[in-house]
Every structure is written in C-alpha cells, then in structure tokens.
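Here is the file protein-v2.txt (compact mmCIF, C-alpha atoms and all ligand atoms).
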```
# COMPACT_ATOMS: atom_id res chain seq x y z
CA MET A 13 0.00 0.00 0.00
CA ALA A 14 2.75 2.44 1.02
CA LYS A 15 4.68 1.39 -2.09
CA ASP A 16 1.63 2.06 -4.31
CA LEU A 17 1.26 5.50 -2.76
CA GLU A 18 4.92 6.23 -3.42
CA VAL A 19 4.56 5.18 -7.06
CA GLU A 20 1.52 7.43 -7.50
CA LYS A 21 3.30 10.34 -5.77
CA GLY A 22 6.25 9.83 -8.13
CA LYS A 23 3.92 10.07 -11.13
CA THR A 24 2.32 13.27 -9.79
CA ASP A 25 5.74 14.82 -9.14
CA ALA A 26 6.88 13.92 -12.66
CA LEU A 27 3.75 15.50 -14.13
CA LEU A 28 4.26 18.66 -12.08
CA ARG A 29 7.87 18.88 -13.28
CA GLU A 30 6.60 18.79 -16.88
CA MET A 31 4.14 21.62 -16.25
CA LEU A 32 6.36 24.04 -14.32
CA PRO A 33 10.12 24.59 -14.05
CA PRO A 34 11.40 22.05 -11.47
CA SER A 35 12.60 24.75 -9.02
CA VAL A 36 9.19 26.49 -9.20
CA ALA A 37 7.32 23.19 -8.77
CA GLN A 38 9.43 22.41 -5.69
CA GLN A 39 8.62 25.79 -4.10
CA LEU A 40 4.88 25.41 -4.79
CA LYS A 41 4.89 21.89 -3.34
CA GLN A 42 6.39 23.28 -0.15
CA GLY A 43 3.58 25.85 -0.02
CA LEU A 44 5.95 28.74 -0.70
CA SER A 45 5.04 31.68 -2.92
CA VAL A 46 7.13 32.16 -6.05
CA ASP A 47 8.33 35.69 -6.74
CA ALA A 48 8.35 37.04 -10.27
CA ARG A 49 11.91 37.27 -11.57
CA GLU A 50 13.38 39.78 -14.00
CA TYR A 51 15.74 38.44 -16.64
CA GLU A 52 18.02 41.02 -18.25
CA GLU A 53 18.11 39.12 -21.51
CA ALA A 54 16.39 36.01 -22.82
CA THR A 55 15.21 34.86 -26.24
CA VAL A 56 11.55 34.19 -26.96
CA MET A 57 10.25 32.27 -29.97
CA PHE A 58 6.75 31.72 -31.34
CA THR A 59 5.94 29.29 -34.12
CA ASP A 60 2.63 28.63 -35.81
CA VAL A 61 1.09 26.81 -38.76
CA PRO A 62 0.08 29.57 -41.20
CA THR A 63 -2.38 27.30 -43.05
CA PHE A 64 -4.12 26.19 -39.84
CA GLN A 65 -7.24 28.32 -40.43
CA GLN A 66 -7.68 26.66 -43.81
CA ILE A 67 -7.13 23.16 -42.42
CA VAL A 68 -9.61 23.45 -39.49
CA PRO A 69 -12.94 23.73 -41.37
CA LEU A 70 -12.03 20.83 -43.64
CA CYS A 71 -11.10 18.35 -40.87
CA GLN A 72 -12.82 16.49 -38.04
CA PRO A 73 -11.96 17.98 -34.60
CA LYS A 74 -10.24 14.73 -33.58
CA ASP A 75 -8.00 14.96 -36.66
CA ILE A 76 -6.97 18.49 -35.62
CA VAL A 77 -6.08 17.22 -32.14
CA HIS A 78 -4.10 14.37 -33.72
CA LEU A 79 -2.27 16.78 -36.04
CA LEU A 80 -1.28 19.22 -33.27
CA ASN A 81 -0.34 16.39 -30.92
CA GLU A 82 1.94 14.85 -33.53
CA LEU A 83 3.56 18.23 -34.32
CA PHE A 84 4.00 19.39 -30.73
CA THR A 85 5.35 16.03 -29.56
CA LYS A 86 8.10 16.41 -32.17
CA PHE A 87 8.76 19.97 -30.96
CA ASP A 88 8.86 18.79 -27.34
CA ARG A 89 11.62 16.31 -28.25
CA LEU A 90 13.66 19.17 -29.78
CA ILE A 91 13.11 21.30 -26.65
CA GLY A 92 14.79 18.49 -24.68
CA ILE A 93 17.69 18.20 -27.14
CA GLN A 94 18.38 21.96 -27.26
CA LYS A 95 17.73 22.51 -23.54
CA ALA A 96 15.22 25.28 -24.15
CA TYR A 97 12.00 25.78 -22.17
CA LYS A 98 8.49 25.25 -23.54
CA VAL A 99 6.24 27.99 -22.17
CA GLU A 100 2.84 27.10 -23.65
CA THR A 101 0.82 26.21 -26.70
CA VAL A 102 -2.27 28.13 -27.77
CA GLY A 103 -4.08 26.53 -30.72
CA ASP A 104 -1.45 26.04 -33.40
CA SER A 105 1.02 28.42 -31.73
CA TYR A 106 3.98 27.02 -29.75
CA MET A 107 5.88 29.40 -27.46
CA SER A 108 9.40 28.64 -26.18
CA VAL A 109 12.22 30.52 -24.47
CA GLY A 110 16.00 30.32 -24.04
CA GLY A 111 17.74 31.62 -20.91
CA ILE A 112 14.71 31.09 -18.63
CA PRO A 113 14.25 29.72 -15.97
CA ASP A 114 18.04 29.09 -15.86
CA THR A 115 20.16 31.90 -17.27
CA VAL A 116 22.61 30.94 -20.04
CA ASP A 117 24.80 33.11 -22.29
CA ASP A 118 23.87 31.24 -25.47
CA HIS A 119 20.06 31.62 -25.08
CA CYS A 120 19.60 32.95 -28.62
CA GLU A 121 21.93 30.35 -30.14
CA VAL A 122 19.83 27.65 -28.40
CA ILE A 123 16.59 29.10 -29.80
CA CYS A 124 18.01 29.53 -33.32
CA HIS A 125 19.01 25.85 -33.37
CA LEU A 126 15.57 24.94 -32.02
CA ALA A 127 13.89 26.98 -34.79
CA LEU A 128 15.94 25.31 -37.54
CA GLY A 129 15.04 21.91 -36.08
CA MET A 130 11.34 22.74 -35.78
CA VAL A 131 11.05 23.91 -39.40
CA MET A 132 12.68 20.64 -40.53
CA GLU A 133 10.72 18.35 -38.18
CA ALA A 134 7.37 19.94 -39.07
CA ARG A 135 7.90 18.69 -42.61
CA THR A 136 7.68 15.10 -41.36
CA VAL A 137 4.06 15.83 -40.42
CA CYS A 138 1.52 15.54 -43.24
CA ASP A 139 -0.78 18.46 -44.05
CA PRO A 140 -4.16 16.60 -44.06
CA ILE A 141 -5.62 18.80 -46.81
CA THR A 142 -2.85 18.73 -49.37
CA ASN A 143 -1.08 15.53 -48.29
CA THR A 144 2.17 17.46 -48.52
CA PRO A 145 4.70 18.25 -45.77
CA LEU A 146 3.47 20.71 -43.14
CA HIS A 147 5.13 24.12 -43.10
CA ILE A 148 5.44 26.33 -40.06
CA ARG A 149 6.92 29.80 -39.54
CA ALA A 150 8.83 31.19 -36.57
CA GLY A 151 9.49 34.57 -34.96
CA ILE A 152 12.42 35.28 -32.61
CA HIS A 153 13.31 38.27 -30.44
CA SER A 154 15.80 38.78 -27.58
CA GLY A 155 15.47 41.23 -24.70
CA PRO A 156 14.44 41.64 -21.06
CA VAL A 157 11.68 39.34 -19.78
CA VAL A 158 9.81 38.97 -16.49
CA ALA A 159 8.81 35.41 -15.55
CA GLY A 160 6.41 34.40 -12.81
CA VAL A 161 3.68 32.05 -11.67
CA VAL A 162 0.11 33.21 -12.21
CA GLY A 163 -3.04 31.68 -10.73
CA ALA A 164 -3.92 29.38 -7.83
CA LYS A 165 -5.87 26.78 -9.81
CA MET A 166 -3.71 25.31 -12.55
CA PRO A 167 -0.87 27.76 -11.81
CA ARG A 168 0.98 28.74 -14.96
CA TYR A 169 4.55 29.87 -15.46
CA CYS A 170 4.16 32.93 -17.69
CA LEU A 171 6.46 35.39 -19.41
CA PHE A 172 5.76 39.12 -19.62
CA GLY A 173 7.18 42.17 -21.32
CA ASP A 174 7.59 43.80 -24.67
CA THR A 175 10.14 41.14 -25.70
CA VAL A 176 7.30 38.58 -25.72
CA ASN A 177 5.03 40.83 -27.81
CA THR A 178 7.83 41.58 -30.28
CA ALA A 179 8.67 37.87 -30.69
CA SER A 180 4.98 37.22 -31.40
CA ARG A 181 4.98 40.01 -34.00
CA MET A 182 8.08 38.54 -35.66
CA GLU A 183 6.09 35.33 -36.10
CA SER A 184 2.89 36.96 -37.35
CA HIS A 185 4.86 39.03 -39.90
CA SER A 186 6.85 36.04 -41.20
CA PRO A 187 6.31 34.34 -44.55
CA ILE A 188 5.53 30.61 -44.54
CA GLY A 189 8.49 28.34 -43.86
CA ARG A 190 10.79 31.11 -42.58
CA ILE A 191 12.48 31.98 -39.31
CA HIS A 192 11.98 35.72 -38.88
CA CYS A 193 14.34 37.43 -36.42
CA SER A 194 14.63 40.93 -34.99
CA GLU A 195 17.96 42.76 -35.17
CA ASN A 196 18.44 42.17 -31.43
CA ALA A 197 17.99 38.43 -31.90
CA LYS A 198 20.47 38.38 -34.79
CA LYS A 199 23.11 40.23 -32.73
CA CYS A 200 22.49 38.02 -29.75
CA ALA A 201 22.73 34.80 -31.80
CA GLU A 202 26.00 35.99 -33.33
CA SER A 203 27.51 36.83 -29.93
CA THR A 204 27.93 33.12 -29.15
CA GLY A 205 27.02 31.17 -32.31
CA ARG A 206 27.86 31.29 -36.02
CA PHE A 207 24.82 31.68 -38.25
CA GLU A 208 23.89 32.85 -41.73
CA PHE A 209 21.17 35.50 -41.78
CA GLU A 210 19.53 37.07 -44.83
CA PRO A 211 18.51 40.72 -44.33
CA ARG A 212 14.81 41.23 -44.97
CA GLY A 213 15.17 45.01 -44.88
CA LYS A 214 12.82 47.39 -43.13
CA VAL A 215 9.46 45.87 -42.28
CA GLN A 216 6.40 47.69 -40.91
CA ILE A 217 5.54 45.77 -37.73
CA LYS A 218 2.11 46.22 -36.11
CA GLY A 219 2.43 48.18 -32.88
CA LYS A 220 6.18 48.68 -33.34
CA GLY A 221 6.65 50.68 -36.53
CA GLU A 222 9.52 50.06 -38.91
CA MET A 223 12.01 47.36 -37.88
CA ASN A 224 15.11 45.94 -39.52
CA THR A 225 14.57 42.20 -39.61
CA TYR A 226 16.38 39.09 -40.82
CA PHE A 227 15.69 35.53 -41.90
CA LEU A 228 17.77 32.83 -40.22
CA LEU A 229 19.15 30.52 -42.91
CA ARG A 230 21.67 28.19 -41.30
CA SER A 231 24.00 27.41 -38.44
CA PHE A 232 27.68 27.02 -39.28
CA LYS A 233 28.25 25.12 -36.04
CA ARG A 234 25.70 22.34 -36.44
CA SER A 235 24.19 20.37 -39.29
CA ILE A 236 20.42 19.92 -39.43
CA TRP A 237 20.94 16.22 -38.63
CA GLU A 238 22.79 17.11 -35.42
CA ILE A 239 20.11 19.65 -34.49
CA ILE A 240 17.24 17.18 -34.91
CA ASP A 241 19.35 14.25 -33.66
CA ARG A 242 18.42 12.00 -36.59
CA ARG A 243 20.64 9.91 -38.79
CA ARG A 244 21.33 11.30 -42.27
CA ASP A 245 20.34 9.09 -45.20
CA GLU A 246 23.61 9.05 -47.14
CA ASN A 247 21.84 8.04 -50.37
CA CYS A 248 19.63 11.10 -50.62
CA ASN A 249 20.50 13.69 -47.97
CA SER A 250 22.98 16.57 -48.26
CA ILE A 251 25.85 16.55 -45.76
CA ASP A 252 24.57 19.38 -43.57
CA GLY A 253 20.83 19.20 -44.40
CA TYR A 254 20.48 22.88 -45.30
CA ASN A 255 19.62 22.15 -48.97
CA GLU A 256 16.62 20.20 -47.72
CA LEU A 257 15.66 23.01 -45.34
CA ARG A 258 15.77 25.59 -48.15
CA GLU A 259 13.37 23.50 -50.26
CA GLY A 260 10.57 24.57 -47.92
CA TYR A 261 11.11 28.29 -48.35
CA VAL A 262 8.26 30.00 -50.06
CA ASP A 263 8.89 33.54 -51.16
CA ASP A 264 6.68 36.46 -50.24
CA VAL A 265 5.00 36.50 -53.64
CA ILE A 266 3.70 32.95 -53.32
CA ASN A 267 2.66 33.70 -49.74
CA LYS A 268 0.57 36.64 -50.87
CA ILE A 269 -1.11 34.60 -53.62
CA THR A 270 -1.82 31.82 -51.12
CA GLN A 271 -3.36 34.19 -48.61
CA ARG A 272 -5.50 35.86 -51.28
CA ASN A 273 -6.86 32.54 -52.56
CA SER A 274 -7.21 31.08 -49.05
CA LYS A 275 -5.60 27.88 -50.21
CA THR A 276 -2.93 25.79 -48.58
CA CYS A 277 0.50 26.58 -49.87
CA THR A 278 1.86 24.08 -52.37
CA ILE A 279 5.52 23.26 -52.14
CA SER A 280 7.36 21.57 -54.96
N1 LIG A 301 0.76 32.86 -26.38
C1 LIG A 301 1.12 34.04 -25.86
N2 LIG A 301 1.04 35.15 -26.62
C2 LIG A 301 1.41 36.32 -26.08
C3 LIG A 301 1.89 36.43 -24.74
N3 LIG A 301 2.18 37.73 -24.51
C4 LIG A 301 1.89 38.41 -25.64
N4 LIG A 301 1.42 37.57 -26.60
C5 LIG A 301 0.97 37.94 -27.95
O1 LIG A 301 1.80 38.90 -28.51
C6 LIG A 301 1.06 39.67 -29.45
C7 LIG A 301 1.52 41.10 -29.38
O2 LIG A 301 1.15 41.66 -28.16
P1 LIG A 301 0.62 43.18 -28.08
O3 LIG A 301 1.60 44.05 -28.82
O4 LIG A 301 0.35 43.48 -26.65
O5 LIG A 301 -0.71 43.07 -28.94
P2 LIG A 301 -2.23 43.48 -28.70
O6 LIG A 301 -2.45 44.79 -29.32
O7 LIG A 301 -2.63 43.33 -27.25
O8 LIG A 301 -2.98 42.30 -29.48
P3 LIG A 301 -3.26 42.04 -31.04
O9 LIG A 301 -2.97 43.33 -31.79
O10 LIG A 301 -4.66 41.62 -31.11
O11 LIG A 301 -2.34 40.94 -31.49
C8 LIG A 301 -0.42 39.49 -29.13
O12 LIG A 301 -1.02 38.82 -30.22
C9 LIG A 301 -0.41 38.61 -27.89
O13 LIG A 301 -1.42 37.63 -27.94
C10 LIG A 301 1.98 35.21 -23.96
O14 LIG A 301 2.40 35.18 -22.80
N5 LIG A 301 1.57 34.06 -24.58
```
Mind converting the file's structure to structure tokens?
Amino acid sequence: MAKDLEVEKGKTDALLREMLPPSVAQQLKQGLSVDAREYEEATVMFTDVPTFQQIVPLCQPKDIVHLLNELFTKFDRLIGIQKAYKVETVGDSYMSVGGIPDTVDDHCEVICHLALGMVMEARTVCDPITNTPLHIRAGIHSGPVVAGVVGAKMPRYCLFGDTVNTASRMESHSPIGRIHCSENAKKCAESTGRFEFEPRGKVQIKGKGEMNTYFLLRSFKRSIWEIIDRRRDENCNSIDGYNELREGYVDDVINKITQRNSKTCTIS
C-alpha cells in the first residue's frame, strides 16, 4: 500500500515537473510563494502553422487534435535536445524561451538551433488537406523578460514584457516556412554562435513601426541532422541538411497569392 502510494506520488511529481520549471514546482509543493523574476536578456520564440485556419474547417476535430499532438510532440523532443524551455501552446502556436528559468549566455543560439530543427521536423508531419509536408513559420526576439507564476488553480509559469510581444509580432509578420528574427535576436545569436542570416530590410511591424529584420538561414556550427538528432540518409540527404531546409522556403509572392486565394501553400 505504502509502495503504491509512493509510485503514485512519483507520477504526480513527474507531471508537475513537466508543467512548471522544477525549481518552481518544488517551491509550490512546499507551499511557498514564487516571486516574479526579471531576466536582463532572454530569447523568446513563437511558431505557428500559417495554413491552420484553412485546415480546421475541412477536418474532423479529432483529426486536428491528432495533427497538433503529432507536431507538438516532435517539438517537445527538440526542446529536450536543445535545452530550451516550452512555455505554452495556444491553438497552433507554440511558445518557447531560451535563458529562462536558468540563465545561459547562449540563449539565442539555443533558440536559433531549435527553430531550424522545428522547421525541418514539421515537414515530417503531413498536411491533411494537401497531403504534402506541413510548413510552419517562426518569430524570434531577444530582450528583457519577467517570468512568474500566475493563478492558484492550474498555476501557470508565464512570461511578460515587450520582448514577448515583439517575438509574437516577428512570427505573425513572417512568410511561410521562414524563421523571422529581430535585429536584437540576430546580434544576440552571433555573440555566441555562427549563423547565416539574410537581411529582410525594413518591415512595418504592427504596434512597433519600422524594424530591420532578418531571416535565419543556417547554423555554421551544427548540421540539421545534429540539431534534430536524426541519422542522415547518405543516399539522398545533403551533408549538412540545409539544402533540404531551403526547399521549404516559399517567397513572399507565393505567400501573398496563397493568402489571397485562401488555399494551402503548395511546395514543390
Ligand atoms: N501565447 C502568448 N502570446 C502572447 C503572450 N504575450 C503576448 N502575446 C501575444 O503577442 C502579441 C503582441 O502583443 P501586443 O503588442 O500586446 O498586442 P495586442 O495589441 O494586445 O494584441 P493584437 O494586436 O490583437 O495581437 C499578441 O497577439 C499577444 O497575444 C503570452 O504570454 N503568450
């Protein structure tokens, strides 16, 4: 009986550790309050499935749940590999952070590798409407963030501050298949990592005005296969995997046509 109780308690603890940062979960278990903490610099990323609104009306609800579960389970695996933190998912949007709850110098490098991995892994999920690989987009911004626990029932570990809003805007202003970064994020990524960025130029961002933004193209430190921790097929895959990643890029023109026609994007 005591052993059964211990097993059940172990399961509950494990579940709690998945839902909150372990140090926060420990404090809450001890009945302590958790103070909000200011982080001088962290990197926030949002990803979403731009064609989601077109997929939903054409699918059964259970198929939507299956689709998101398959996609987010793949993302969760990458979170573990890159040692980032998953903050939450809302619908088709997946929010993650580097440098929180534990501060690290390479928080933006971590998130850039995570983004490259997510774009690649999403393609292994099938778009149920077109039967083609699923394409996501990502937005990344680095800056100060406040993190804290909110609520008594189902307490949630939440992030606050303009950095979060700007990261969300980077995502919502990104073309399909791209990783859209603010200038801050680019500088931050380059302070520890080695990446190739393509300047997008000045972009009018809702609520922010004109911003200089960039697309993340590749990491010079890690191949795609290392990032996603999967074996390369020597018969058909490029050495670093970035040729395959580029195949999913859809330029702005095609994006605009797709949005106008409300159709899912077709990728050759
Ligand atoms: N999922 C999630 N989204 C967030 C969070 N904080 C901010 N956002 C999103 O970031 C976006 C930009 O935030 P704001 O600049 O405050 O935007 P807003 O004017 O309140 O909202 P909209 O213009 O409707 O997007 C909004 O779409 C928010 O939903 C968060 O903690 N979680």
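Note that atom CA of Arg168 of chain A and atom CA of Leu27 of chain A are 13.6 Å apart.
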Select, from A:Leu228, A:Cys138, A:Leu171, A:Val215, the residue with the minimum atom-to-atom distance to ligand LIG 301 (chain A), counting all atoms listed in the file.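 Among the listed residues, A:Leu171 lies closest to ligand LIG 301 (chain A).
In this comparison, which uses only C-alpha atoms, the residue of A:Ala54, A:Val161, A:Leu17, A:Leu90 approaching Ser35 of chain A most closely is A:Val161.
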Counting all atoms listed in the file, which residues in chain A sit no more than 7 Å from ligand LIG 301 (chain A)? For each one, give the nearest pair of atoms and the distance in Å, sorted by chain then residue number, as JSON lines.
```
{"residue": "A:Glu100", "atom": "CA", "partner": "A:LIG301", "partner_atom": "N1", "distance": 6.7}
{"residue": "A:Thr101", "atom": "CA", "partner": "A:LIG301", "partner_atom": "N1", "distance": 6.7}
{"residue": "A:Val102", "atom": "CA", "partner": "A:LIG301", "partner_atom": "N1", "distance": 5.8}
{"residue": "A:Ser105", "atom": "CA", "partner": "A:LIG301", "partner_atom": "N1", "distance": 7.0}
{"residue": "A:Met107", "atom": "CA", "partner": "A:LIG301", "partner_atom": "N1", "distance": 6.3}
{"residue": "A:Cys170", "atom": "CA", "partner": "A:LIG301", "partner_atom": "O14", "distance": 5.9}
{"residue": "A:Leu171", "atom": "CA", "partner": "A:LIG301", "partner_atom": "O14", "distance": 5.3}
{"residue": "A:Phe172", "atom": "CA", "partner": "A:LIG301", "partner_atom": "O14", "distance": 6.1}
{"residue": "A:Val176", "atom": "CA", "partner": "A:LIG301", "partner_atom": "N3", "distance": 5.3}
{"residue": "A:Asn177", "atom": "CA", "partner": "A:LIG301", "partner_atom": "O1", "distance": 3.8}
{"residue": "A:Thr178", "atom": "CA", "partner": "A:LIG301", "partner_atom": "C7", "distance": 6.4}
{"residue": "A:Ser180", "atom": "CA", "partner": "A:LIG301", "partner_atom": "O1", "distance": 4.6}
{"residue": "A:Arg181", "atom": "CA", "partner": "A:LIG301", "partner_atom": "C7", "distance": 5.9}
{"residue": "A:Gly219", "atom": "CA", "partner": "A:LIG301", "partner_atom": "O3", "distance": 5.9}
```
Would you tabulate, counting all atoms listed in the file, all residues of segment 139-231 of chain A that have an atom at most 10 Å from an atom of segment 113-122 of chain A, showing the closest pair of atoms and their distance in Å to one decimal, sorted by chain then ascending number, as CSV?
```
residue,atom,partner,partner_atom,distance
A:Ile152,CA,A:Cys120,CA,8.5
A:His153,CA,A:Cys120,CA,8.4
A:Ser154,CA,A:Cys120,CA,7.0
A:Ala159,CA,A:Pro113,CA,7.9
A:Gly160,CA,A:Pro113,CA,9.7
A:Tyr169,CA,A:Pro113,CA,9.7
A:Asn196,CA,A:Cys120,CA,9.7
A:Ala197,CA,A:Cys120,CA,6.6
A:Lys198,CA,A:Cys120,CA,8.3
A:Lys199,CA,A:Cys120,CA,9.1
A:Cys200,CA,A:Cys120,CA,5.9
A:Ala201,CA,A:Glu121,CA,4.8
A:Glu202,CA,A:Glu121,CA,7.7
A:Ser203,CA,A:Asp118,CA,8.0
A:Thr204,CA,A:Asp118,CA,5.8
A:Gly205,CA,A:Glu121,CA,5.6
A:Arg206,CA,A:Glu121,CA,8.4
A:Phe207,CA,A:Glu121,CA,8.7
A:Ser231,CA,A:Glu121,CA,9.0
```
Using all atoms listed in the file, which protein or nucleic acid residues come within 8 Å of Leu83 of chain A? Drop anything in the same chain fewer than 4 positions from it, and give the result as an mmCIF file with C-alpha atoms, in the frame of the given file.
```
data_model
loop_
_atom_site.group_PDB
_atom_site.id
_atom_site.type_symbol
_atom_site.label_atom_id
_atom_site.label_comp_id
_atom_site.auth_asym_id
_atom_site.auth_seq_id
_atom_site.Cartn_x
_atom_site.Cartn_y
_atom_site.Cartn_z
ATOM 1 C CA LEU A 79 -2.270 16.780 -36.040
ATOM 2 C CA PHE A 87 8.760 19.970 -30.960
ATOM 3 C CA ALA A 134 7.370 19.940 -39.070
ATOM 4 C CA VAL A 137 4.060 15.830 -40.420
#
```
Distance query Pro33 of chain A at most 9 Å, only C-alpha atoms, self and fewer than 3 positions along chain excluded, as a list in words: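 The neighbour list is Leu28, Arg29, Glu30, Val36, Ala37, Gln38, Tyr97, Pro113 and Tyr169 of chain A.
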Create the file for the chosen residues now, containing C-alpha atoms and written as a tab-separated table (two decimals), in the coordinates of the input.
```
chain	number	residue	atom	x	y	z
A	28	LEU	CA	4.26	18.66	-12.08
A	29	ARG	CA	7.87	18.88	-13.28
A	30	GLU	CA	6.60	18.79	-16.88
A	36	VAL	CA	9.19	26.49	-9.20
A	37	ALA	CA	7.32	23.19	-8.77
A	38	GLN	CA	9.43	22.41	-5.69
A	97	TYR	CA	12.00	25.78	-22.17
A	113	PRO	CA	14.25	29.72	-15.97
A	169	TYR	CA	4.55	29.87	-15.46
```
Counting all atoms listed in the file, which of A:Asp174, A:Glu18, A:Glu133, A:Asp139 gets nearest to Ile236 of chain A?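 When distances to Ile236 of chain A are compared using all atoms listed in the file, the smallest one comes from A:Glu133.
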For Glu210 of chain A, find every residue with an atom within 9 Å (counting only C-alpha atoms), except residues of its own chain fewer than 2 positions away, and show them as a list in words. Glu208, Arg212, Thr225, Tyr226, Phe227, Leu228 and Leu229 of chain A
Would you list the contacts of Tyr106 of chain A as a ChimeraX atom specification, taking every protein, DNA or RNA residue within 9 Å and counting only C-alpha atoms, but skipping same-chain residues closer than 6 positions in sequence? /A:57-60,84,87,98-100
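Here atom CA of Val68 of chain A and atom CA of Gly103 of chain A stand 10.8 Å from one another.
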So how far away is atom CA of Pro167 of chain A from atom CA of Leu40 of chain A, in Å?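 Value for the atom CA of Leu40 of chain A-atom CA of Pro167 of chain A distance: 9.4 Å.
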Let me have the centre and edge lengths of the axis-aligned box enclosing all listed atoms of segment 165-183 of chain A with 6 Å padding on every side, in Å to one decimal, as JSON.
```
{"center_x": 2.1, "center_y": 34.6, "center_z": -23.0, "size_x": 28.0, "size_y": 30.5, "size_z": 38.3}
```
Nearest residue to Asn224 of chain A out of A:Asp245, A:Asp252, A:Asp47, A:Glu195, using all atoms listed in the file? A:Glu195
Using only C-alpha atoms, pick whichever of A:Lys95, A:His192, A:Arg230, A:Arg135 has the shortest atom-to-atom distance to Ile217 of chain A.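 For Ile217 of chain A, the nearest of the candidates is A:His192.
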